[in-house]
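**Student:** My structure is below; once you've seen it, I'll send some questions.
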Amino acid sequence: MARIERAVVIGGGIGGLTAAAALHRRGVRVTVLERAGSLEPVGAAISLAPNALRGLDVIGLGDDIRALSAWQGDGGLRAPGGRWLSRTSAAAAAERFGGPLVLLHRATLVGHLAALLPPDAVRTATDARLLDPGVPGDSGRPARVGTPDGELEADLVVAADGIHSAVRRVLFPGHPGPVYAGFTTWRVVIPLPGVEFASHETWGRGRIWGTHPLKDGRIYAYAAAVAPAGEHAPDDERAELLRLYGDWHSPVPDVLAAARPEDVLRHDVHHITEPLPACHHGRVALVGDAAHAMPPTLGQGGNQAIEDAITLAHHAGDLPAYTAARLPRTTRIARRAVRVARFNLMTNRVGIAVRDQAVAALSKAGPALLLRGFDSIAGWRPPQQPYASQHTTQGKG
């Protein structure tokens with residue numbers, strides 16, 4: 001196994017910062033190159049499942065993030081008129097998966113991750129390009145990364161530069177890259193004082209809405225709808241949400257009444273349909289969306305980036321082992337996320353009726369039947385200790 005002393009991380013998002021923190025913890029000298037002017041991410045909230053939280057345990061952050069869990073009591077799946085299709089609870093989910101599901105703002109997670117790094121490890125407002133992937137082994141040829149301030153050499157380059165990764169295009173020029181998933185999403189994080197609700201996701205005809213509490217007292221709401229690529233509202237996106245969801249059950253109208261147009265973020269969903277031949281080439285490893293961008297329907301995009309980062313730090317000197325550990329799993333999860341998107345966002349009225357009846361029947365037969373499908377995802381454990389805090393080691397995955 002090759003010794004890794006210097007690493008360059010291209011991209012200062014969740015995957016890149018987790019990889020940097022994990023490598024730093026193993027004694028690697030790390031430089032993170034982020035093209036944006038600051039690390040504050042563009043986005044809203046992220047859901048972390050027990051698999052990702054176990055990964056964060058490896059870098060000493062798991063319990064700090066678990067403490068931010070805000071979901072208490074009941075929650076579940078609803079129809080637009082308000083009927084509950086299925087119910088579960090935070091306690092049942094935590095018992096099933098060996099820990100809580102934590103929803104927090106992306107900026108909060110990024111701040112915690114950045115705090116694990118030396119102050120001079122992160123360079124913002126820095127464009128980076130891969131000049132040479134290098135040759136692993138005994139050749140002595142490091143990878144080379146170009147920046148406006150000159151070239152950097154590294155034993156390992158971590159490409160965490162997102163769904164439209166320039167590094168991926170250099171490494172695998174024949175790969176088709178991401179494609180439009182057929183739907184668009186909206187996200188809102190706002191205060192909603194005085195409105196009580198149970199955490200929920202609601203499925204309509206080609207449309208989804210979710211409302212969930214955050215620990216800081218704000219709420220996170222998201223929506224998704226089948227739409228042509230590149231489409232935007234003729235006025236503003238809050239008005240578009242009112243047209244699509246304004247007559248749905250409470251608290252959806254309350255959220256829309258409290259939101260301002262500038263609070264609403266809209267992004268089309270793209271994903272990688274053809275798996276990469278490998279998660280590495282030369283001395284370069286791809287993590288997160290750069291490697292396996294997937295629809296958000298399983299809430300696993302950021303979770304899989306964390307898994308990637310922790311696994312990569314473990315196999316940093318043996319990148320084929322990293323690919324062997326990550327490519328089959330991420331391919332399965334990405335394909336499943338596509339299937340779930342088709343199921344959640346179906347537009348056929350007869351199919352929707354059958355779907356809702358099936359979900360309701362499964363829920364009545366036992367909530368554990370619905371949770372069981374998530375076992376293989378939430379049950380992941382990192383390749384190195386500690387697997388998790390002592391109170392969260394008994395997941396059923």
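Here, A, B, ... name the chains of the structure tokens in the order displayed, residue numbers run from 1 inside each chain, and ligands are numbered from 1 in the same displayed order.
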Would you list, as an MDAnalysis selection string, the residues of range 222-357 of chain A that end up in strand (DSSP E) under DSSP run on this structure's backbone?
**Tutor:** chainID A and resid 222:226 265:271 280:281 284:286
**Student:** Write out as a short mmCIF file (atom, residue, chain, number, x, y, z; two decimals) with C-alpha atoms, in the first residue's frame which residues come within 12 Å of range 346-353 of chain A when counting only C-alpha atoms, dropping same-chain ones fewer than 4 positions away.
**Tutor:**
data_model
loop_
_atom_site.label_atom_id
_atom_site.label_comp_id
_atom_site.auth_asym_id
_atom_site.auth_seq_id
_atom_site.Cartn_x
_atom_site.Cartn_y
_atom_site.Cartn_z
CA ALA A 79 -52.02 12.35 0.40
CA LEU A 85 -51.09 6.76 3.99
CA GLY A 182 -37.37 14.40 -15.51
CA PHE A 183 -38.30 16.52 -12.51
CA TRP A 203 -47.33 12.37 -2.66
CA GLY A 204 -49.62 13.78 -5.32
CA ARG A 205 -49.90 13.31 -9.07
CA GLY A 206 -46.40 13.89 -10.38
CA ARG A 207 -45.72 16.06 -7.33
CA ILE A 208 -44.16 15.69 -3.87
CA ALA A 224 -40.62 18.13 -6.51
CA ALA A 225 -42.67 17.99 -9.70
CA VAL A 226 -42.42 16.43 -13.12
CA ALA A 227 -41.47 19.27 -15.48
CA ARG A 339 -36.94 3.59 -9.28
CA VAL A 340 -38.25 5.36 -6.19
CA ALA A 341 -38.54 8.62 -8.13
CA ARG A 342 -40.69 6.91 -10.76
CA GLN A 357 -53.66 1.66 -1.42
CA ALA A 358 -50.58 -0.57 -1.34
CA VAL A 359 -48.68 1.85 0.91
CA ALA A 360 -51.65 2.15 3.27
#
**Student:** Within 7 Å of Arg283 in chain A, counting only C-alpha atoms, which residues qualify if same-chain residues fewer than 4 places away don't, as a PyMOL selection string?
**Tutor:** chain A and resi 133-136+143+155-157
**Student:** Would you list the contacts of range 147-151 of chain A as a list in words, taking every protein, DNA or RNA residue within 10 Å and counting only C-alpha atoms, but skipping same-chain residues closer than 5 positions in sequence?
**Tutor:**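 Here the answer would be Leu33, Ala125, Thr126, Asp127, Ala128, Arg129, Leu130 and Leu131 of chain A.
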**Student:** Got time to write the residues from that selection, all heavy atoms, as a short mmCIF file (atom, residue, chain, number, x, y, z; two decimals), in the first residue's frame?
**Tutor:**
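Saved the output as again-v1.cif:
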data_model
loop_
_atom_site.label_atom_id
_atom_site.label_comp_id
_atom_site.auth_asym_id
_atom_site.auth_seq_id
_atom_site.Cartn_x
_atom_site.Cartn_y
_atom_site.Cartn_z
N LEU A 33 -9.26 22.97 -2.17
CA LEU A 33 -9.41 24.05 -3.14
C LEU A 33 -10.88 24.21 -3.49
O LEU A 33 -11.49 23.30 -4.05
CB LEU A 33 -8.59 23.75 -4.41
CG LEU A 33 -7.11 23.44 -4.19
CD1 LEU A 33 -6.46 23.05 -5.51
CD2 LEU A 33 -6.39 24.61 -3.55
N ALA A 125 -12.12 30.76 -3.31
CA ALA A 125 -11.94 31.57 -4.51
C ALA A 125 -10.76 31.07 -5.33
O ALA A 125 -9.98 31.86 -5.89
CB ALA A 125 -11.76 33.05 -4.14
N THR A 126 -10.62 29.75 -5.39
CA THR A 126 -9.48 29.13 -6.09
C THR A 126 -9.97 28.12 -7.11
O THR A 126 -10.46 27.04 -6.74
CB THR A 126 -8.54 28.44 -5.08
OG1 THR A 126 -8.08 29.40 -4.13
CG2 THR A 126 -7.34 27.85 -5.81
N ASP A 127 -9.86 28.45 -8.37
CA ASP A 127 -10.16 27.49 -9.43
C ASP A 127 -9.04 26.46 -9.50
O ASP A 127 -7.87 26.80 -9.37
CB ASP A 127 -10.29 28.19 -10.78
CG ASP A 127 -11.62 28.92 -10.94
OD1 ASP A 127 -12.65 28.32 -10.56
OD2 ASP A 127 -11.61 30.06 -11.40
N ALA A 128 -9.43 25.22 -9.69
CA ALA A 128 -8.44 24.14 -9.78
C ALA A 128 -8.74 23.27 -10.98
O ALA A 128 -9.90 23.04 -11.33
CB ALA A 128 -8.46 23.31 -8.50
N ARG A 129 -7.71 22.79 -11.61
CA ARG A 129 -7.89 21.88 -12.75
C ARG A 129 -6.86 20.77 -12.64
O ARG A 129 -5.71 21.00 -12.23
CB ARG A 129 -7.77 22.61 -14.08
CG ARG A 129 -6.42 23.21 -14.35
CD ARG A 129 -6.46 24.17 -15.54
NE ARG A 129 -5.11 24.60 -15.92
CZ ARG A 129 -4.42 25.54 -15.29
NH1 ARG A 129 -4.93 26.13 -14.23
NH2 ARG A 129 -3.21 25.86 -15.71
N LEU A 130 -7.26 19.59 -12.99
CA LEU A 130 -6.35 18.45 -12.96
C LEU A 130 -5.45 18.49 -14.18
O LEU A 130 -5.92 18.44 -15.32
CB LEU A 130 -7.15 17.14 -12.92
CG LEU A 130 -6.32 15.86 -12.84
CD1 LEU A 130 -5.61 15.78 -11.48
CD2 LEU A 130 -7.20 14.63 -13.05
N LEU A 131 -4.15 18.57 -13.95
CA LEU A 131 -3.17 18.61 -15.04
C LEU A 131 -2.65 17.22 -15.37
O LEU A 131 -2.39 16.91 -16.54
CB LEU A 131 -2.00 19.52 -14.67
CG LEU A 131 -2.36 20.98 -14.34
CD1 LEU A 131 -1.12 21.73 -13.90
CD2 LEU A 131 -3.02 21.64 -15.53
#
**Student:** With range 54-67 of chain A as the partner and 12 Å as the cut-off, tabulate the residues of range 201-299 of chain A that qualify, each row holding the nearest pair of atoms and their distance in Å to one decimal, using only C-alpha atoms, sorted by chain and rising number, as a Markdown table.
**Tutor:**
| residue | atom | partner | partner_atom | distance |
| --- | --- | --- | --- | --- |
| A:Leu214 | CA | A:Ala67 | CA | 11.6 |
| A:Lys215 | CA | A:Ala67 | CA | 8.9 |
| A:Asp216 | CA | A:Ala67 | CA | 11.6 |
